[in-house]
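The block underneath contains the structure these notes are about, expressed in structure tokens.
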Amino acid sequence: MKVYLIFKKAKVKKYFIQRKERMIAMADKKQKLERPRVIMTTDSEIDDKCSLIRFLSYTNEFDIEGIISVNSQYQKDGHGEIWIHEMIEKYSEVYENLIKHDSNYPEPKKLHSITWQGMVDRAPVYAEAPPYRDTKGSDLIIEKLLDDDPRPVYISMWGGGSMTAHAFWKIKNEYSQVMFERAVKKARMYFIWYQEIGTGGGQWLRDNVPEALNIRDEQFDGTWNYRPRSDQPYENLMGEEWMTENVKKDHGPLGAEYYSMGDELYVSEGDTPSFLWIVPNGLRSRENPSFGGWGGRHMNIGNNQWDTACDDGDERKPMWRWMPAVQNDWAARLDWCVMDYEEANHHPAAEIEGELDRVVTPGEEIILDASNSSDPDGDQLEFNWWQYYDADSCEKEIDIINSDSARAEFVVPDNPGQKIHVILGLKDKGVPPLTSYRRIIFSIE
């Protein structure tokens, strides 16, 4: 009997160990599925170099598939990939400190290994249509769009799009229809403008592969690139004093590399929105470009093509409205470059009671409950529930009662067939204060 009990206990223990291992494996698989796959292309202008500094501090949020140097109408010969490797070396100097805060930061050697030269020929800048020539960059895009990983591939276009256009031309003309459809389904392209003189890059993709998601963003102009416009409400977060205190000084060699523009220093990152839109912060902007988030908000102009949208009649507000949270978020990551975990601030965990997509009826009383939210550093939390009226289709603005509390409520308006987007902004009182979000979408029956 004693031997039997020992055997039974060992068997039970083995079962629970195996169960735990399965749960860990499932959690790892889920995390992998949620992490965006990213290919970044850059024409290496000064603002690209500044965007790369921020991009490297966010690599823990992505599965980086490639960093590719290209050209554009303003940088017709490109600048090669050596400068990218040099910047990764600066990242390597702070890597050991970054992984104290998040073990998902990729090893510098991984980033070096996926940095490639792409399209730098002048001809595609002027040409009206591909094909051009094969490059390591276009081969990589083809490989990732056609592999067996079901996750989307987010291609951030910081320069010209001719290399990506060539990749799609080749898939369309040299592979089966099934493979072409796979590529179209997986591609998520975000263009910082179309940076060719001819129509051979982003415009060719828009005209010839209209089924593939194609965002052309022009909200960056005056918000992120070179000198931000002074008529926006957060100019202080983009200027010399903020940059010196939070980026350039005492934040390690990566932040110190941020480029001054002439004799002045200010945020100049025309390409940053192309990856901010997929940062997994709870705004769900990856689901639909019209939802809006840190990378702006966009409207569908036909098929799967998207252009700049407006909030309150302002085409730049969909981007600058998030600026305090965006800049504080980056400042915290630069702190991670030099501080131990106990010294720095980390993101609060926003937890919503109930589903994030709900069907409701007119007149129904809705409870918004985020009482289970928490903060890893033990900081106090501030709650802000609000309706993103520009992003939803409801014709009536709702009145959210106790909008600054963990539990809030509202009554569903009589607007059947429409949707209401309610966002929770959960901000901690750490230094700098960090914000996490949850977006609940209510479909009115």
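Here, A, B, ... name the chains of the structure tokens in the order displayed, residue numbers run from 1 inside each chain, and ligands are numbered from 1 in the same displayed order.
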How would you write, as a list in words, the set of residues in segment 30-90 of chain A that DSSP gives as strand (DSSP E or B)?
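Assigned to strand (DSSP E or B), within segment 30-90 of chain A: Arg37, Val38, Ile39, Met40, Thr41, Thr42, Asp63, Ile64, Glu65, Gly66, Ile67, Ile68 and Ser69 of chain A.
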Compile the contact shell of Gln418 of chain A as a PyMOL selection string: residues with an atom at most 6 Å away, counting only C-alpha atoms, same-chain residues fewer than 6 positions apart removed.
chain A and resi 393-394+444
Restrict the selected residues to N, CA and C atoms and save them as a PDB file, in the first residue's frame.
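Wrote result.pdb, looks like this:
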```
ATOM      1  N   SER A 393     -19.130  55.149 -34.740  1.00  0.00           N
ATOM      2  CA  SER A 393     -20.161  55.542 -35.708  1.00  0.00           C
ATOM      3  C   SER A 393     -21.426  56.051 -35.032  1.00  0.00           C
ATOM      4  N   CYS A 394     -21.406  56.129 -33.700  1.00  0.00           N
ATOM      5  CA  CYS A 394     -22.597  56.589 -32.977  1.00  0.00           C
ATOM      6  C   CYS A 394     -22.830  58.072 -33.239  1.00  0.00           C
ATOM      7  N   ILE A 444     -24.614  48.470 -31.006  1.00  0.00           N
ATOM      8  CA  ILE A 444     -25.997  48.689 -30.563  1.00  0.00           C
ATOM      9  C   ILE A 444     -26.929  47.882 -31.457  1.00  0.00           C
TER      10      ILE A 444
END
```
Quick one: residues within 9 Å of Phe168 of chain A, only C-alpha atoms, excluding same-chain residues fewer than 5 positions away - as a PyMOL selection string?
chain A and resi 138+141-142+163+173+180+183-184+205+209
Export of the given selection (C-alpha atoms) as an mmCIF file, in the first residue's frame:
```cif
data_model
loop_
_atom_site.group_PDB
_atom_site.id
_atom_site.type_symbol
_atom_site.label_atom_id
_atom_site.label_comp_id
_atom_site.auth_asym_id
_atom_site.auth_seq_id
_atom_site.Cartn_x
_atom_site.Cartn_y
_atom_site.Cartn_z
ATOM 1 C CA SER A 138 12.939 42.254 -51.448
ATOM 2 C CA ILE A 141 9.825 40.501 -47.808
ATOM 3 C CA ILE A 142 8.842 37.683 -50.171
ATOM 4 C CA MET A 163 11.559 47.534 -53.105
ATOM 5 C CA ASN A 173 3.935 37.152 -61.585
ATOM 6 C CA PHE A 180 -0.187 35.753 -53.928
ATOM 7 C CA ALA A 183 0.934 37.578 -49.264
ATOM 8 C CA VAL A 184 -1.932 40.028 -49.743
ATOM 9 C CA LEU A 205 0.918 49.025 -54.868
ATOM 10 C CA VAL A 209 -2.511 45.370 -55.254
#
```
Contacts of Ala212 of chain A at 12 Å (only C-alpha atoms; same-chain gap of 3+ positions) as a PyMOL selection string
chain A and resi 145+152-155+164-165+168+180-190+202+204-209+215+302-306
Using only C-alpha atoms, find each residue of segment 258-367 of chain A with at least one atom at most 12 Å away from an atom of segment 105-109 of chain A; report its shortest atom-to-atom pair and that distance in Å (one decimal), sort the rows by chain and rising residue number, and return the result as JSON lines.
```
{"residue": "A:Arg333", "atom": "CA", "partner": "A:Tyr105", "partner_atom": "CA", "distance": 11.5}
{"residue": "A:Trp336", "atom": "CA", "partner": "A:Tyr105", "partner_atom": "CA", "distance": 11.5}
{"residue": "A:Cys337", "atom": "CA", "partner": "A:Tyr105", "partner_atom": "CA", "distance": 11.5}
```
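Atom CA of Asp63 of chain A is positioned 4.7 Å from atom CA of Arg37 of chain A.
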Enumerate as number ranges by chain all residues of segment 29-270 of chain A assigned to helix (DSSP H, G or I) by DSSP on the backbone, naming them with the chain letters and numbers the document uses.
A: 29-34, 46-57, 59-61, 82-98, 108-113, 123-126, 136-146, 162-174, 177-186, 202-208, 235-238, 240-248, 252-256
Quick one: residues within 10 Å of Leu111 of chain A, only C-alpha atoms, excluding same-chain residues fewer than 2 positions away - as a tab-separated table (two decimals) with C-alpha atoms, in the first residue's frame?
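Wrote result_35.tsv, looks like this:
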```tsv
chain	number	residue	atom	x	y	z
A	56	LEU	CA	15.33	50.29	-30.91
A	59	THR	CA	12.05	46.29	-30.03
A	64	ILE	CA	11.77	42.19	-35.77
A	65	GLU	CA	12.09	40.36	-39.09
A	66	GLY	CA	14.29	42.84	-40.94
A	67	ILE	CA	15.84	46.32	-40.95
A	84	ILE	CA	22.28	51.11	-38.82
A	85	HIS	CA	24.90	48.70	-37.49
A	88	ILE	CA	22.70	48.86	-33.03
A	89	GLU	CA	26.12	49.00	-31.36
A	91	TYR	CA	21.82	49.73	-28.39
A	92	SER	CA	24.18	46.90	-27.42
A	106	PRO	CA	16.34	41.12	-28.77
A	107	GLU	CA	20.03	40.45	-28.59
A	108	PRO	CA	22.12	42.94	-30.58
A	109	LYS	CA	23.62	40.14	-32.69
A	113	SER	CA	21.96	39.58	-38.53
A	114	ILE	CA	18.70	40.90	-40.02
A	115	THR	CA	20.00	44.27	-41.23
```
Set the distance at 12 Å and use only C-alpha atoms: which residues neighbour His346 of chain A once local chain neighbours fewer than 3 positions away are removed? I'd like the list as a JSON list (two decimals) with N, CA and C atoms, in the first residue's frame.
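The resulting selection35.json:
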```json
[["chain", "number", "residue", "atom", "x", "y", "z"],
["A", 100, "LYS", "N", 16.79, 43.97, -17.89],
["A", 100, "LYS", "CA", 16.35, 43.97, -16.50],
["A", 100, "LYS", "C", 14.88, 44.36, -16.41],
["A", 101, "HIS", "N", 14.40, 45.10, -17.39],
["A", 101, "HIS", "CA", 13.03, 45.60, -17.40],
["A", 101, "HIS", "C", 12.11, 44.75, -18.27],
["A", 102, "ASP", "N", 12.66, 44.16, -19.32],
["A", 102, "ASP", "CA", 11.87, 43.27, -20.18],
["A", 102, "ASP", "C", 12.82, 42.33, -20.92],
["A", 328, "ASN", "N", 6.03, 60.38, -22.56],
["A", 328, "ASN", "CA", 6.33, 59.78, -21.26],
["A", 328, "ASN", "C", 6.74, 58.32, -21.40],
["A", 329, "ASP", "N", 6.09, 57.63, -22.33],
["A", 329, "ASP", "CA", 6.40, 56.22, -22.56],
["A", 329, "ASP", "C", 7.84, 56.06, -23.01],
["A", 330, "TRP", "N", 8.25, 56.92, -23.93],
["A", 330, "TRP", "CA", 9.62, 56.84, -24.43],
["A", 330, "TRP", "C", 10.62, 57.24, -23.35],
["A", 331, "ALA", "N", 10.28, 58.28, -22.58],
["A", 331, "ALA", "CA", 11.18, 58.72, -21.50],
["A", 331, "ALA", "C", 11.44, 57.58, -20.51],
["A", 332, "ALA", "N", 10.40, 56.80, -20.22],
["A", 332, "ALA", "CA", 10.57, 55.67, -19.31],
["A", 332, "ALA", "C", 11.52, 54.63, -19.89],
["A", 333, "ARG", "N", 11.40, 54.39, -21.19],
["A", 333, "ARG", "CA", 12.27, 53.39, -21.83],
["A", 333, "ARG", "C", 13.73, 53.86, -21.84],
["A", 334, "LEU", "N", 13.94, 55.14, -21.95],
["A", 334, "LEU", "CA", 15.30, 55.64, -21.86],
["A", 334, "LEU", "C", 15.83, 55.54, -20.43],
["A", 335, "ASP", "N", 14.93, 55.67, -19.45],
["A", 335, "ASP", "CA", 15.32, 55.39, -18.06],
["A", 335, "ASP", "C", 15.77, 53.94, -17.91],
["A", 336, "TRP", "N", 15.06, 53.03, -18.61],
["A", 336, "TRP", "CA", 15.42, 51.61, -18.53],
["A", 336, "TRP", "C", 16.83, 51.36, -19.03],
["A", 339, "MET", "N", 18.75, 52.66, -15.55],
["A", 339, "MET", "CA", 18.27, 52.43, -14.18],
["A", 339, "MET", "C", 17.99, 50.96, -13.92],
["A", 340, "ASP", "N", 18.12, 50.57, -12.64],
["A", 340, "ASP", "CA", 17.66, 49.25, -12.22],
["A", 340, "ASP", "C", 16.14, 49.23, -12.18],
["A", 341, "TYR", "N", 15.58, 48.01, -12.12],
["A", 341, "TYR", "CA", 14.13, 47.88, -12.16],
["A", 341, "TYR", "C", 13.46, 48.66, -11.04],
["A", 342, "GLU", "N", 14.01, 48.61, -9.85],
["A", 342, "GLU", "CA", 13.39, 49.26, -8.70],
["A", 342, "GLU", "C", 13.40, 50.77, -8.80],
["A", 343, "GLU", "N", 14.29, 51.32, -9.60],
["A", 343, "GLU", "CA", 14.41, 52.77, -9.72],
["A", 343, "GLU", "C", 13.46, 53.35, -10.77],
["A", 349, "ALA", "N", -1.16, 47.76, -15.41],
["A", 349, "ALA", "CA", -1.91, 46.70, -16.10],
["A", 349, "ALA", "C", -3.40, 47.03, -16.04],
["A", 374, "SER", "N", -3.96, 47.10, -11.92],
["A", 374, "SER", "CA", -2.88, 47.14, -10.94],
["A", 374, "SER", "C", -1.64, 47.82, -11.52],
["A", 375, "ASP", "N", -0.66, 48.02, -10.67],
["A", 375, "ASP", "CA", 0.59, 48.63, -11.11],
["A", 375, "ASP", "C", 1.76, 47.83, -10.56],
["A", 376, "PRO", "N", 2.73, 47.43, -11.40],
["A", 376, "PRO", "CA", 3.83, 46.59, -10.92],
["A", 376, "PRO", "C", 4.75, 47.27, -9.92],
["A", 377, "ASP", "N", 4.73, 48.60, -9.92],
["A", 377, "ASP", "CA", 5.58, 49.35, -9.00],
["A", 377, "ASP", "C", 4.83, 49.82, -7.76],
["A", 378, "GLY", "N", 3.54, 49.46, -7.67],
["A", 378, "GLY", "CA", 2.75, 49.88, -6.52],
["A", 378, "GLY", "C", 2.31, 51.33, -6.56],
["A", 379, "ASP", "N", 2.37, 51.96, -7.74],
["A", 379, "ASP", "CA", 1.97, 53.37, -7.84],
["A", 379, "ASP", "C", 0.45, 53.51, -7.81],
["A", 427, "LYS", "N", -3.55, 55.65, -16.02],
["A", 427, "LYS", "CA", -2.25, 56.30, -15.83],
["A", 427, "LYS", "C", -1.77, 56.12, -14.41],
["A", 428, "ASP", "N", -0.52, 55.75, -14.26],
["A", 428, "ASP", "CA", 0.03, 55.65, -12.91],
["A", 428, "ASP", "C", 0.64, 56.98, -12.48],
["A", 429, "LYS", "N", 1.03, 57.05, -11.22],
["A", 429, "LYS", "CA", 1.63, 58.27, -10.70],
["A", 429, "LYS", "C", 3.13, 58.10, -10.49],
["A", 430, "GLY", "N", 3.72, 57.26, -11.33],
["A", 430, "GLY", "CA", 5.16, 57.11, -11.29],
["A", 430, "GLY", "C", 5.84, 58.24, -12.04],
["A", 431, "VAL", "N", 7.17, 58.15, -12.15],
["A", 431, "VAL", "CA", 7.95, 59.18, -12.84],
["A", 431, "VAL", "C", 8.79, 58.49, -13.91],
["A", 432, "PRO", "N", 8.53, 58.82, -15.19],
["A", 432, "PRO", "CA", 7.40, 59.62, -15.70],
["A", 432, "PRO", "C", 6.12, 58.80, -15.63],
["A", 433, "PRO", "N", 4.96, 59.47, -15.57],
["A", 433, "PRO", "CA", 3.70, 58.72, -15.52],
["A", 433, "PRO", "C", 3.45, 57.96, -16.82],
["A", 434, "LEU", "N", 3.03, 56.70, -16.70],
["A", 434, "LEU", "CA", 2.81, 55.86, -17.86],
["A", 434, "LEU", "C", 1.34, 55.49, -17.99],
["A", 435, "THR", "N", 0.89, 55.36, -19.23],
["A", 435, "THR", "CA", -0.53, 55.11, -19.51],
["A", 435, "THR", "C", -0.69, 53.81, -20.28],
["A", 436, "SER", "N", -1.61, 52.98, -19.81],
["A", 436, "SER", "CA", -2.06, 51.81, -20.56],
["A", 436, "SER", "C", -3.53, 52.01, -20.90]]
```
